[in-house]
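See below for entry.cif, which holds mmCIF, C-alpha atoms.
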data_start
loop_
_atom_site.label_atom_id
_atom_site.label_comp_id
_atom_site.auth_asym_id
_atom_site.auth_seq_id
_atom_site.Cartn_x
_atom_site.Cartn_y
_atom_site.Cartn_z
CA MET A 267 -9.63 27.93 7.10
CA THR A 268 -12.53 28.62 9.47
CA ILE A 269 -16.09 29.54 8.52
CA ILE A 270 -17.44 32.44 10.58
CA LEU A 271 -21.20 32.92 10.88
CA VAL A 272 -22.41 36.51 11.34
CA ASP A 273 -26.03 36.74 12.49
CA ASP A 274 -28.25 39.63 11.48
CA SER A 275 -28.13 40.91 15.07
CA ASN A 276 -24.33 41.33 14.97
CA PRO A 277 -23.46 44.97 15.78
CA ASN A 278 -20.64 44.95 13.21
CA ILE A 279 -23.18 44.94 10.37
CA GLN A 280 -23.91 48.49 9.23
CA TYR A 281 -27.58 48.85 8.29
CA GLY A 282 -28.86 51.76 6.27
CA PRO A 283 -32.28 53.36 6.78
CA GLY A 284 -35.32 51.14 6.26
CA TRP A 285 -34.24 47.98 8.09
CA VAL A 286 -36.28 46.74 11.05
CA SER A 287 -35.17 44.03 13.49
CA THR A 288 -37.90 41.45 14.07
CA THR A 289 -38.32 38.30 16.15
CA SER A 290 -39.72 35.28 14.34
CA SER A 291 -43.08 33.95 15.48
CA LEU A 292 -42.40 30.54 13.90
CA ALA A 293 -41.84 27.43 15.98
CA GLN A 294 -38.26 26.22 16.18
CA ALA A 295 -39.24 23.02 14.35
CA ASN A 296 -40.45 25.04 11.37
CA LEU A 297 -38.16 24.75 8.36
CA SER A 298 -38.24 28.53 7.89
CA TYR A 299 -37.15 29.28 11.45
CA PRO A 300 -34.25 31.80 11.33
CA MET A 301 -30.81 31.02 12.69
CA TYR A 302 -31.18 32.54 16.17
CA GLY A 303 -34.86 33.45 15.90
CA THR A 304 -34.25 37.00 14.62
CA LEU A 305 -34.38 38.68 11.21
CA HIS A 306 -33.83 42.09 9.68
CA GLU A 307 -36.65 43.06 7.34
CA THR A 308 -37.17 45.90 4.90
CA ILE A 309 -40.05 46.94 2.67
CA ASN A 310 -38.03 49.75 1.12
CA PRO A 311 -34.86 50.00 -0.96
CA SER A 312 -32.18 49.65 1.71
CA GLU A 313 -28.54 48.70 2.06
CA LEU A 314 -26.17 47.01 4.47
CA LYS A 315 -22.38 46.76 4.71
CA PHE A 316 -19.99 44.42 6.46
CA THR A 317 -16.19 44.42 6.63
CA PHE A 318 -14.25 41.15 6.93
CA SER A 319 -10.85 39.53 6.36
CA GLY A 320 -11.22 36.27 4.49
CA SER A 321 -11.01 34.36 1.24
CA SER A 322 -14.75 33.97 0.51
CA ILE A 323 -18.16 35.25 1.56
CA PHE A 324 -21.74 33.98 1.29
CA ALA A 325 -24.84 36.10 2.00
CA CYS A 326 -28.51 35.20 1.54
CA ALA A 327 -31.92 36.79 1.92
CA GLN A 328 -35.49 35.58 1.72
CA VAL A 329 -38.66 37.25 0.57
CA SER A 330 -41.91 37.29 2.47
CA GLU A 331 -43.96 34.10 2.36
CA GLY A 332 -46.29 33.77 -0.58
CA THR A 333 -44.21 35.87 -2.96
CA MET A 334 -41.79 34.74 -5.63
CA PRO A 335 -38.10 35.51 -5.13
CA ASP A 336 -36.30 37.61 -7.70
CA SER A 337 -32.54 38.06 -7.98
CA THR A 338 -33.01 41.79 -8.53
CA VAL A 339 -34.09 42.30 -4.92
CA TRP A 340 -30.63 41.28 -3.61
CA THR A 341 -27.71 43.03 -5.32
CA CYS A 342 -24.20 42.45 -3.93
CA TYR A 343 -20.83 44.15 -4.32
CA VAL A 344 -17.50 43.07 -2.86
CA ASP A 345 -14.83 45.78 -2.84
CA ASN A 346 -17.08 47.77 -5.21
CA VAL A 347 -17.19 44.90 -7.74
CA HIS A 348 -20.64 43.55 -8.60
CA ILE A 349 -21.24 39.83 -8.01
CA ALA A 350 -24.23 37.94 -9.31
CA SER A 351 -27.11 36.75 -7.15
CA SER A 352 -28.91 33.45 -7.66
CA ILE A 353 -31.97 31.68 -6.31
CA ILE A 354 -31.35 28.43 -4.42
CA GLU A 355 -34.23 25.98 -4.40
CA ALA A 356 -33.53 24.53 -0.98
CA PHE A 357 -34.46 27.50 1.18
CA PRO A 358 -35.58 29.19 -1.18
CA PRO A 359 -33.38 32.25 -0.63
CA ILE A 360 -31.61 34.65 -2.92
CA CYS A 361 -27.87 34.31 -2.37
CA CYS A 362 -24.66 35.92 -3.54
CA SER A 363 -21.23 34.45 -2.98
CA LEU A 364 -17.65 35.10 -3.98
CA GLY A 365 -14.43 33.14 -3.45
CA GLY A 366 -10.78 33.52 -4.34
CA LEU A 367 -10.28 36.67 -2.29
CA GLU A 368 -6.95 37.52 -0.71
CA ALA A 369 -7.29 36.00 2.74
CA GLN A 370 -5.20 38.43 4.78
CA VAL A 371 -6.72 41.57 3.24
CA GLN A 372 -9.74 43.41 4.61
CA HIS A 373 -12.75 43.40 2.29
CA GLU A 374 -16.21 44.97 2.31
CA ILE A 375 -19.48 43.50 1.12
CA HIS A 376 -22.14 46.02 0.17
CA ILE A 377 -25.69 44.72 -0.38
CA LEU A 378 -28.62 46.60 -1.86
CA ALA A 379 -31.98 45.13 -0.85
CA THR A 380 -35.04 46.21 -2.82
CA GLY A 381 -38.08 45.57 -0.67
CA SER A 382 -41.65 46.69 -1.25
CA GLN A 383 -45.03 46.63 0.43
CA ASP A 384 -45.94 43.54 -1.57
CA ARG A 385 -42.65 41.72 -1.12
CA SER A 386 -40.48 42.36 1.92
CA VAL A 387 -36.85 41.26 2.02
CA LEU A 388 -35.62 39.37 5.09
CA PHE A 389 -31.97 38.96 6.04
CA ASP A 390 -30.90 36.22 8.48
CA TYR A 391 -27.09 35.79 8.43
CA LEU A 392 -23.97 35.70 6.29
CA THR A 393 -20.83 33.56 6.43
CA TYR A 394 -17.22 34.09 5.42
CA GLU A 395 -14.13 31.91 5.40
CA THR A 396 -11.01 33.19 7.10
CA SER A 397 -7.50 32.18 8.14
CA THR A 398 -7.23 35.07 10.59
CA ALA A 399 -7.51 34.52 14.34
CA VAL A 400 -10.82 35.72 15.78
CA PRO A 401 -11.05 35.74 19.62
CA THR A 402 -14.84 35.39 19.79
CA ALA A 403 -17.07 34.32 16.92
CA ASP A 404 -19.86 31.94 15.91
CA LEU A 405 -18.33 29.11 13.90
CA LEU A 406 -20.02 27.03 11.21
CA PHE A 407 -18.86 23.47 10.46
CA ASP A 408 -20.24 21.49 7.54
CA ALA A 409 -20.56 17.73 7.79
CA ARG A 410 -17.26 17.15 5.97
CA SER A 411 -15.25 18.86 8.70
CA PRO A 412 -12.47 16.70 10.20
CA MET A 413 -13.59 17.97 13.61
CA PHE A 414 -16.40 15.38 13.61
CA ASN A 415 -15.71 11.88 14.86
CA PHE A 416 -18.26 9.58 13.17
CA SER A 417 -18.80 5.99 14.22
CA GLU A 418 -19.58 3.28 11.68
CA GLY A 419 -22.94 3.49 9.96
CA TRP A 420 -22.85 7.05 8.63
CA GLU A 421 -23.23 7.55 4.89
CA ARG A 422 -22.61 10.48 2.61
CA GLU A 423 -25.77 11.85 0.98
CA GLU A 424 -25.46 13.26 -2.52
CA LEU A 425 -27.92 16.13 -2.68
CA ARG A 426 -27.30 19.14 -4.89
CA ASN A 427 -29.75 21.63 -3.43
CA LEU A 428 -28.42 21.81 0.12
CA PRO A 429 -25.78 24.35 1.19
CA SER A 430 -23.27 21.58 1.97
CA GLU A 431 -22.90 17.82 1.53
CA PRO A 432 -24.78 16.08 4.36
CA PHE A 433 -24.25 12.76 6.13
CA GLY A 434 -26.95 10.49 7.49
CA THR A 435 -27.47 7.20 9.30
CA THR A 436 -30.24 4.66 9.82
CA GLN A 437 -28.09 2.35 11.96
CA VAL A 438 -29.29 2.11 15.55
CA GLY A 439 -26.49 3.04 17.92
CA ALA A 440 -24.54 5.05 15.37
CA ASN A 441 -23.03 8.06 17.07
CA LEU A 442 -20.97 11.18 16.56
CA THR A 443 -18.69 13.03 18.97
CA PHE A 444 -17.49 16.60 18.61
CA ASP A 445 -15.00 18.54 20.73
CA PHE A 446 -15.62 22.27 20.71
CA TYR A 447 -14.88 25.52 22.50
CA GLY A 448 -17.91 27.75 22.95
CA SER A 449 -21.19 28.22 24.82
CA SER A 450 -23.80 26.30 22.76
CA VAL A 451 -24.33 24.19 19.64
CA LEU A 452 -27.01 24.21 16.93
CA TRP A 453 -27.41 21.04 14.82
CA PHE A 454 -28.92 21.36 11.33
CA GLY A 455 -30.03 18.30 9.38
CA PHE A 456 -32.53 17.52 6.64
CA TYR A 457 -35.51 15.22 6.15
CA ASN A 458 -34.87 12.51 3.59
CA LYS A 459 -38.26 11.97 1.98
CA THR A 460 -37.23 8.75 0.25
CA LEU A 461 -36.66 7.08 3.63
CA ALA A 462 -39.36 8.83 5.62
CA GLY A 463 -42.41 6.73 6.34
CA HIS A 464 -44.84 6.76 9.22
CA ASN A 465 -42.31 5.73 11.83
CA GLU A 466 -41.19 8.38 14.27
CA SER A 467 -37.51 7.99 15.09
CA THR A 468 -35.47 9.29 17.98
CA PHE A 469 -31.95 10.33 18.80
CA SER A 470 -30.30 11.79 21.88
CA PHE A 471 -27.54 14.25 22.61
CA ALA A 472 -25.41 14.85 25.69
CA VAL A 473 -22.80 17.46 26.57
CA ASP A 474 -19.83 16.65 28.81
CA ASN A 475 -21.24 13.19 29.64
CA ASP A 476 -24.40 14.62 31.22
CA GLU A 477 -27.72 12.79 31.07
CA PRO A 478 -28.76 12.31 27.40
CA ILE A 479 -31.67 14.39 26.12
CA ASP A 480 -34.07 12.64 23.73
CA GLN A 481 -35.13 14.31 20.48
CA PHE A 482 -37.76 13.24 17.93
CA LEU A 483 -37.81 13.25 14.14
CA GLU A 484 -41.43 13.73 13.09
CA PRO A 485 -42.54 12.01 9.85
CA VAL A 486 -45.19 14.65 9.28
CA VAL A 487 -42.46 17.18 8.50
CA ALA A 488 -40.94 15.05 5.77
CA GLN A 489 -44.32 14.09 4.35
CA GLY A 490 -45.28 17.75 4.12
CA LEU A 491 -42.41 18.59 1.79
CA THR A 492 -43.59 19.15 -1.76
CA GLY A 493 -41.81 18.43 -5.01
CA SER A 494 -38.16 17.51 -4.89
CA THR A 495 -37.18 20.19 -2.40
CA GLN A 496 -34.90 19.13 0.44
CA ARG A 497 -34.96 21.60 3.32
CA GLN A 498 -32.36 22.19 5.96
CA ALA A 499 -33.90 22.14 9.43
CA LEU A 500 -32.80 22.85 12.99
CA PHE A 501 -32.86 19.46 14.74
CA PHE A 502 -31.77 20.65 18.19
CA ARG A 503 -29.98 23.34 20.13
CA THR A 504 -28.10 22.78 23.38
CA PHE A 505 -28.75 24.79 26.50
CA ALA A 506 -26.46 27.72 27.27
CA LEU A 507 -23.14 26.43 28.59
CA PRO A 508 -20.22 28.14 30.33
CA ARG A 509 -17.91 29.34 27.57
CA GLY A 510 -15.11 26.81 27.42
CA GLN A 511 -14.10 23.37 26.18
CA HIS A 512 -16.92 20.81 25.85
CA ILE A 513 -17.71 17.44 24.24
CA LEU A 514 -20.95 16.76 22.36
CA LYS A 515 -22.15 13.21 21.74
CA VAL A 516 -25.16 12.38 19.54
CA VAL A 517 -26.61 8.84 19.30
CA TYR A 518 -29.25 7.58 16.84
CA ASN A 519 -31.81 5.36 18.59
CA GLY A 520 -33.97 4.40 15.60
CA ARG A 521 -37.74 4.18 15.39
CA LEU A 522 -40.10 3.94 18.32
CA ASP A 523 -43.10 1.98 17.01
CA ALA A 524 -42.51 -0.10 13.92
CA ILE A 525 -45.21 0.08 11.28
CA ALA A 526 -45.06 -2.65 8.68
CA GLY A 527 -43.62 -1.57 5.36
CA SER A 528 -42.49 1.80 6.71
CA LYS A 529 -38.96 3.08 7.19
CA ALA A 530 -37.61 5.17 10.02
CA ILE A 531 -36.50 8.73 9.46
CA PRO A 532 -32.69 8.80 9.41
CA LEU A 533 -30.58 11.14 11.50
CA SER A 534 -28.67 13.57 9.30
CA LEU A 535 -26.15 16.36 9.65
CA VAL A 536 -25.78 19.27 7.22
CA ASN A 537 -24.20 21.99 9.34
CA LEU A 538 -23.32 22.56 12.96
CA VAL A 539 -22.95 26.01 14.54
CA VAL A 540 -20.90 26.77 17.66
CA GLN A 541 -21.82 29.99 19.43
CA ASN A 542 -19.15 32.13 21.13
CA GLY A 543 -16.33 29.99 19.84
CA THR A 544 -12.84 31.10 18.90
CA ALA A 545 -11.10 30.93 15.54
CA ASN A 546 -7.39 30.27 15.87
CA PRO A 547 -5.68 28.91 12.73
CA ASN A 548 -2.55 28.06 14.78
CA MET A 549 -4.39 25.62 16.98
CA SER A 550 -2.96 22.19 16.29
CA VAL A 551 -5.27 19.96 18.34
CA THR A 552 -7.72 18.04 16.20
CA PRO A 553 -10.04 15.19 17.06
CA SER A 554 -9.39 11.50 16.78
CA PRO A 555 -9.56 9.66 13.42
CA THR A 556 -12.96 9.71 11.73
CA MET A 557 -14.65 6.77 10.00
CA LEU A 558 -17.26 7.48 7.33
CA THR A 559 -18.94 4.87 5.18
CA THR A 560 -20.69 5.15 1.84
CA ALA A 561 -22.31 2.52 -0.31
CA SER A 562 -19.01 1.66 -2.00
CA THR A 563 -16.14 3.11 -0.02
CA THR A 564 -14.90 3.68 3.50
CA LEU A 565 -13.23 7.01 4.09
CA THR A 566 -10.68 7.37 6.84
CA THR A 567 -9.24 10.64 7.96
CA SER A 568 -6.38 10.64 10.40
CA PRO A 569 -5.92 14.02 12.01
CA THR A 570 -2.83 14.48 14.08
CA ILE A 571 -2.17 16.05 17.42
CA SER A 572 0.81 18.33 17.46
CA THR A 573 2.52 18.30 20.87
CA THR A 574 5.32 20.82 20.84
CA THR A 575 4.80 22.21 24.34
CA THR A 576 6.67 19.39 26.10
CA GLY A 577 9.59 19.59 23.69
CA ASN A 578 9.87 23.32 24.25
CA ARG A 579 9.79 22.86 28.00
CA ASN A 580 12.49 20.20 27.86
CA SER A 581 14.74 22.29 25.63
CA ASN A 582 14.26 25.35 27.85
CA LEU A 583 15.03 23.28 30.94
CA ALA A 584 18.19 21.92 29.31
CA ILE A 585 19.34 25.45 28.48
CA VAL A 586 18.73 26.65 32.04
CA VAL A 587 20.51 23.65 33.57
CA GLY A 588 23.43 24.02 31.18
CA CYS A 589 23.87 27.73 31.91
CA SER A 590 23.55 27.13 35.66
CA SER A 591 26.12 24.32 35.56
CA ALA A 592 28.55 26.49 33.61
CA ALA A 593 28.12 29.35 36.08
CA VAL A 594 28.66 27.04 39.05
CA LEU A 595 31.77 25.57 37.41
CA VAL A 596 33.24 29.03 36.77
CA LEU A 597 32.53 30.09 40.36
CA LEU A 598 34.10 26.88 41.65
CA ILE A 599 37.27 27.43 39.60
CA LEU A 600 37.50 31.04 40.77
CA GLY A 601 36.99 29.93 44.38
CA ILE A 602 39.76 27.35 44.13
CA PHE A 603 42.05 29.87 42.47
CA CYS A 604 41.41 32.52 45.15
CA THR A 605 41.88 29.98 47.96
CA ARG A 606 45.22 28.88 46.53
CA ARG A 607 46.30 32.50 46.19
CA ARG A 608 45.50 33.15 49.86
CA MET A 609 47.34 30.03 50.97
CA LYS A 610 50.39 31.03 48.95
CA LYS A 611 50.37 34.55 50.38
CA ARG A 612 50.17 33.16 53.92
CA LYS A 613 52.96 30.76 53.14
CA ARG A 614 55.15 33.54 51.76
CA ALA A 615 54.34 35.70 54.78
CA SER A 616 55.40 32.93 57.16
CA VAL A 617 58.62 32.37 55.24
CA GLY A 618 59.44 36.09 55.35
CA SER A 619 58.85 36.24 59.10
CA ILE A 620 61.27 33.36 59.67
CA GLY A 621 63.99 35.05 57.64
CA THR A 622 63.80 38.53 59.23
CA SER A 623 61.53 39.05 62.18
CA SER A 624 62.92 36.09 64.14
CA LEU A 625 66.41 37.66 64.07
CA GLU A 626 65.54 41.37 64.35
CA PRO A 627 61.89 41.75 65.29
CA PHE A 628 61.74 45.56 65.27
CA ASN A 629 64.24 46.30 62.49
CA HIS A 630 63.13 45.78 58.91
CA ASP A 631 66.23 47.36 57.39
CA SER A 632 68.39 44.51 56.19
CA ALA A 633 71.38 46.84 55.76
CA SER A 634 71.51 47.66 59.48
CA ALA A 635 71.36 44.05 60.58
CA PRO A 636 74.58 42.20 61.63
CA ALA A 637 76.48 40.48 58.90
CA GLY A 638 75.85 37.04 60.28
CA THR A 639 72.21 37.72 60.40
CA ARG A 640 72.09 38.85 56.80
CA GLN A 641 73.97 35.77 55.71
CA LYS A 642 71.70 33.45 57.63
CA SER A 643 68.63 35.09 56.18
CA GLN A 644 70.13 34.98 52.74
CA ARG A 645 70.77 31.26 52.98
CA ILE A 646 67.11 30.60 53.65
CA PHE A 647 66.14 32.40 50.47
CA GLU A 648 68.94 30.74 48.58
CA GLU A 649 67.45 27.40 49.45
CA GLN A 650 64.17 28.63 47.99
CA GLU A 651 65.92 30.03 44.92
CA ARG A 652 67.47 26.80 43.78
CA PRO A 653 64.45 25.32 41.97
CA ILE A 654 63.72 28.69 40.41
CA PHE A 655 66.71 28.75 38.12
CA GLU A 656 66.84 25.04 37.43
CA PRO A 657 65.63 24.13 33.93
CA ALA A 658 62.02 23.13 33.96
CA GLY A 659 60.89 20.07 32.07
CA VAL A 660 57.38 21.30 31.53
CA GLY A 661 56.41 23.67 28.70
CA ALA A 662 54.79 27.02 29.28
CA PRO A 663 51.02 26.94 29.87
CA PRO A 664 48.59 28.36 27.29
CA SER A 665 48.15 32.11 27.26
CA ASP A 666 44.50 31.84 28.30
CA SER A 667 45.26 29.61 31.31
CA VAL A 668 44.47 30.80 34.82
CA VAL A 669 47.39 28.80 36.37
CA VAL A 670 49.94 30.96 38.22
CA GLU A 671 53.62 30.15 37.61
CA LEU A 672 54.97 29.62 41.13
CA PRO A 673 58.72 29.95 40.29
CA ARG A 674 58.23 33.39 38.79
CA LEU A 675 56.21 34.42 41.81
CA TRP A 676 59.00 33.44 44.19
CA ALA A 677 61.55 35.25 42.04
CA SER A 678 59.54 38.44 42.25
CA ILE A 679 59.33 38.09 46.04
CA ILE A 680 63.10 37.62 46.37
CA SER A 681 63.90 40.60 44.17
CA ALA A 682 61.50 42.73 46.19
CA ALA A 683 63.05 41.59 49.45
CA SER A 684 66.60 42.29 48.29
#
Translate this structure into structure tokens?
Amino acid sequence: MTIILVDDSNPNIQYGPGWVSTTSSLAQANLSYPMYGTLHETINPSELKFTFSGSSIFACAQVSEGTMPDSTVWTCYVDNVHIASSIIEAFPPICCSLGGLEAQVQHEIHILATGSQDRSVLFDYLTYETSTAVPTADLLFDARSPMFNFSEGWEREELRNLPSEPFGTTQVGANLTFDFYGSSVLWFGFYNKTLAGHNESTFSFAVDNDEPIDQFLEPVVAQGLTGSTQRQALFFRTFALPRGQHILKVVYNGRLDAIAGSKAIPLSLVNLVVQNGTANPNMSVTPSPTMLTTASTTLTTSPTISTTTTGNRNSNLAIVVGCSSAAVLVLLILGIFCTRRRMKKRKRASVGSIGTSSLEPFNHDSASAPAGTRQKSQRIFEEQERPIFEPAGVGAPPSDSVVVELPRLWASIISAAS
């Protein structure tokens, strides 16, 4: 299964009257920064629809800052069946989700958004899980995906109020590699307040072995979080790349200036988004084995690489060679057979010329020839006839054989001549 991310700017989303596309004025480092910097907003009762083929769907909205969210402002239906909406503390958005759908069937989600002048509703993106091939799509991978190749030092974080189970590391030099097909990558992590002190920490990322680009994890962001809320945040976004196959490598470098009694902010991964990727469930290439460590266990996943192309080529080559060899063999047998037939005809022609033309060159009527001549010619054929009527010690050849019985051939020649 592949998770497809559909941004609010996707033209396949059908918006009813009342929606307005807006560009966020927030800085990218802000925890409320939208996925690609755009939102659809409404201050009126409005609706939107989206058709998809998949087994589950997840759609969220937020309300304008300073107002309390209410599940009644985000009402969802899938295939005309109402599904409940709930408020998630981490964002805090209002979300509706549904799983267990028939994967190969087309479904429709219909959302009613109830905005007002006092409380606008903002829509950022939705996701759905599919097993259907999609030529071009934005793909979302959570940290548990086998596509990630973690080095030692990464630990699973057990947090209930994040959209997926994150992984984090405080080990200097810990790294992650990720093979992907697309045009850019967005990395979403979270700030662990229990480990965040006054030490600024750094990490770097590089694409296709280019020069690493340093990134900073600011302690002021973690310290500004109130209560027990853990917020997902955009840690970095790669530059636009040519759409194709690429390799991303991320390395944690640790803290810059150590302050006594203070811990460095760990590097974490919640979700990763690949823009302009491709979803192909039949693709069999997966990354190398992944090592993940927790406080008590070490998890090892061993993806495999299916290599059937070479086997198919070899089998096809064997078929072609076999057919070609058989054809050459048949042509060779036919050539030998035809050559022998010609040689026998020439031989018979030479024998006939000795028996008749040498005695009477211009008279082919054996009845008009002198008696002595006929007898002499007859003796030549009699010498050829002797082996014809002698018992043969060899059995008859199979009916499907291409061998010509020479005695019968000579007998037919003699009878024709007489």
Practice problem: Name the closest residue to A:Leu378 among the candidates A:Gly601, A:Gly520, A:Pro485, A:Gly284; distances are taken between atoms, counting all atoms listed in the file. | Solution: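 Going through A:Gly601, A:Gly520, A:Pro485, A:Gly284 one by one, the smallest distance to A:Leu378 is for A:Gly284.
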Self-check item: Hits of the PyMOL selection byres ((chain A and resi 271-275) around 12) in this structure, as a ChimeraX atom specification
Solution: /A:268-270,276-281,285-289,300-307,314-318,323-327,388-396,400,402-408,537-545
Quiz prompt | Computed interatomic separation between atom CA of A:Glu418 and atom CA of A:Phe471 (Å) | solution =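 If I compute the distance from atom CA of A:Glu418 to atom CA of A:Phe471, I get 17.4 Å.
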Quiz item: Please, what distance in Å, to one decimal, runs between atom CA of A:Ala506 and atom CA of A:Phe444?
Solution: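 Interatomic distance, atom CA of A:Ala506 to atom CA of A:Phe444: 16.7 Å.
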What's around A:Ser298 at 9 Å? Count only C-alpha atoms, leave out sequence neighbours fewer than 5 positions away in its own chain, and write the answer as a PDB file with C-alpha atoms, keeping the file's coordinate frame.
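This is the output file selection.pdb:
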ATOM      1  CA  LEU A 292     -42.400  30.540  13.900  1.00  0.00           C
ATOM      2  CA  ALA A 293     -41.840  27.430  15.980  1.00  0.00           C
ATOM      3  CA  PHE A 357     -34.460  27.500   1.180  1.00  0.00           C
ATOM      4  CA  ARG A 497     -34.960  21.600   3.320  1.00  0.00           C
ATOM      5  CA  GLN A 498     -32.360  22.190   5.960  1.00  0.00           C
ATOM      6  CA  ALA A 499     -33.900  22.140   9.430  1.00  0.00           C
TER       7      ALA A 499
END
Exercise. Just give me the gap between atom CA of A:His373 and atom CA of A:Ser312 in Å, one decimal is fine.
Key: 20.4 Å
Quiz item: Residues picked by the PyMOL selection byres ((chain A and resi 469) around 8) here, as a list in words?
Solution: Ser467, Thr468, Ser470, Phe471, Asp480, Gln481, Phe482, Val516, Val517, Tyr518, Asn519, Gly520 and Leu533 of chain A
How would the residues just chosen look if you wrote them out with C-alpha atoms as an mmCIF file, in the frame of the given file?
data_model
loop_
_atom_site.group_PDB
_atom_site.id
_atom_site.type_symbol
_atom_site.label_atom_id
_atom_site.label_comp_id
_atom_site.auth_asym_id
_atom_site.auth_seq_id
_atom_site.Cartn_x
_atom_site.Cartn_y
_atom_site.Cartn_z
ATOM 1 C CA SER A 467 -37.510 7.990 15.090
ATOM 2 C CA THR A 468 -35.470 9.290 17.980
ATOM 3 C CA SER A 470 -30.300 11.790 21.880
ATOM 4 C CA PHE A 471 -27.540 14.250 22.610
ATOM 5 C CA ASP A 480 -34.070 12.640 23.730
ATOM 6 C CA GLN A 481 -35.130 14.310 20.480
ATOM 7 C CA PHE A 482 -37.760 13.240 17.930
ATOM 8 C CA VAL A 516 -25.160 12.380 19.540
ATOM 9 C CA VAL A 517 -26.610 8.840 19.300
ATOM 10 C CA TYR A 518 -29.250 7.580 16.840
ATOM 11 C CA ASN A 519 -31.810 5.360 18.590
ATOM 12 C CA GLY A 520 -33.970 4.400 15.600
ATOM 13 C CA LEU A 533 -30.580 11.140 11.500
#
Quiz prompt | Best match for closeness to A:Gln372 among A:Pro401, A:Gly320, A:Pro335, A:Gly510, counting all atoms listed in the file | solution =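 With all atoms listed in the file as the atom set, the closest residue is A:Gly320.
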Self-check item: Selection under test: the PyMOL selection byres ((chain A and resi 433) around 8); residues as JSON, numbers by chain
Solution: {"A": [409, 420, 421, 422, 423, 431, 432, 434, 435, 534, 535, 536]}
May I have the protein, DNA and RNA residues with any atom at most 12 Å from the point (-42.7, 38.9, 2.1), counting only C-alpha atoms, written as a tab-separated table (two decimals) with C-alpha atoms, keeping the file's coordinate frame?
chain	number	residue	atom	x	y	z
A	307	GLU	CA	-36.65	43.06	7.34
A	308	THR	CA	-37.17	45.90	4.90
A	309	ILE	CA	-40.05	46.94	2.67
A	310	ASN	CA	-38.03	49.75	1.12
A	327	ALA	CA	-31.92	36.79	1.92
A	328	GLN	CA	-35.49	35.58	1.72
A	329	VAL	CA	-38.66	37.25	0.57
A	330	SER	CA	-41.91	37.29	2.47
A	331	GLU	CA	-43.96	34.10	2.36
A	332	GLY	CA	-46.29	33.77	-0.58
A	333	THR	CA	-44.21	35.87	-2.96
A	334	MET	CA	-41.79	34.74	-5.63
A	335	PRO	CA	-38.10	35.51	-5.13
A	336	ASP	CA	-36.30	37.61	-7.70
A	339	VAL	CA	-34.09	42.30	-4.92
A	359	PRO	CA	-33.38	32.25	-0.63
A	380	THR	CA	-35.04	46.21	-2.82
A	381	GLY	CA	-38.08	45.57	-0.67
A	382	SER	CA	-41.65	46.69	-1.25
A	383	GLN	CA	-45.03	46.63	0.43
A	384	ASP	CA	-45.94	43.54	-1.57
A	385	ARG	CA	-42.65	41.72	-1.12
A	386	SER	CA	-40.48	42.36	1.92
A	387	VAL	CA	-36.85	41.26	2.02
A	388	LEU	CA	-35.62	39.37	5.09
A	389	PHE	CA	-31.97	38.96	6.04
Can you report as lines of an AutoDock Vina configuration file the centre and edge lengths in Å, to one decimal, of an axis-aligned box around the listed atoms of stretch 377-395 of chain A padded with 3 Å on each side?
center_x = -30.0
center_y = 39.3
center_z = 2.8
size_x = 37.8
size_y = 20.8
size_z = 17.3
Quiz prompt | Closest of A:Ala379, A:Ala350, A:Leu600, A:Ile531 to A:Pro283 - atom-to-atom distances counting all atoms listed in the file | solution = A:Ala379
Self-check item: Residue nearest A:Glu313 among A:Ile377, A:Val473, A:Cys342, A:Ile353 (counting only C-alpha atoms)
Solution: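 Looking at the shortest contact to A:Glu313, the residue is A:Ile377.
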Please complete stretch 309-317 of chain A with N, CA and C atoms and give it back as a tab-separated table (two decimals), in the frame of the given file.
chain	number	residue	atom	x	y	z
A	309	ILE	N	-39.05	46.83	3.75
A	309	ILE	CA	-40.05	46.94	2.67
A	309	ILE	C	-39.71	48.13	1.77
A	310	ASN	N	-38.49	48.61	1.91
A	310	ASN	CA	-38.03	49.75	1.12
A	310	ASN	C	-36.68	49.41	0.49
A	311	PRO	N	-36.24	50.16	-0.48
A	311	PRO	CA	-34.86	50.00	-0.96
A	311	PRO	C	-33.89	50.39	0.16
A	312	SER	N	-33.09	49.44	0.58
A	312	SER	CA	-32.18	49.65	1.71
A	312	SER	C	-30.84	49.01	1.40
A	313	GLU	N	-29.87	49.26	2.26
A	313	GLU	CA	-28.54	48.70	2.06
A	313	GLU	C	-27.96	48.25	3.40
A	314	LEU	N	-26.95	47.41	3.29
A	314	LEU	CA	-26.17	47.01	4.47
A	314	LEU	C	-24.73	46.78	4.03
A	315	LYS	N	-23.80	46.95	4.98
A	315	LYS	CA	-22.38	46.76	4.71
A	315	LYS	C	-21.75	45.96	5.84
A	316	PHE	N	-20.72	45.19	5.46
A	316	PHE	CA	-19.99	44.42	6.46
A	316	PHE	C	-18.54	44.28	6.01
A	317	THR	N	-17.62	44.51	6.92
A	317	THR	CA	-16.19	44.42	6.63
A	317	THR	C	-15.63	43.13	7.23
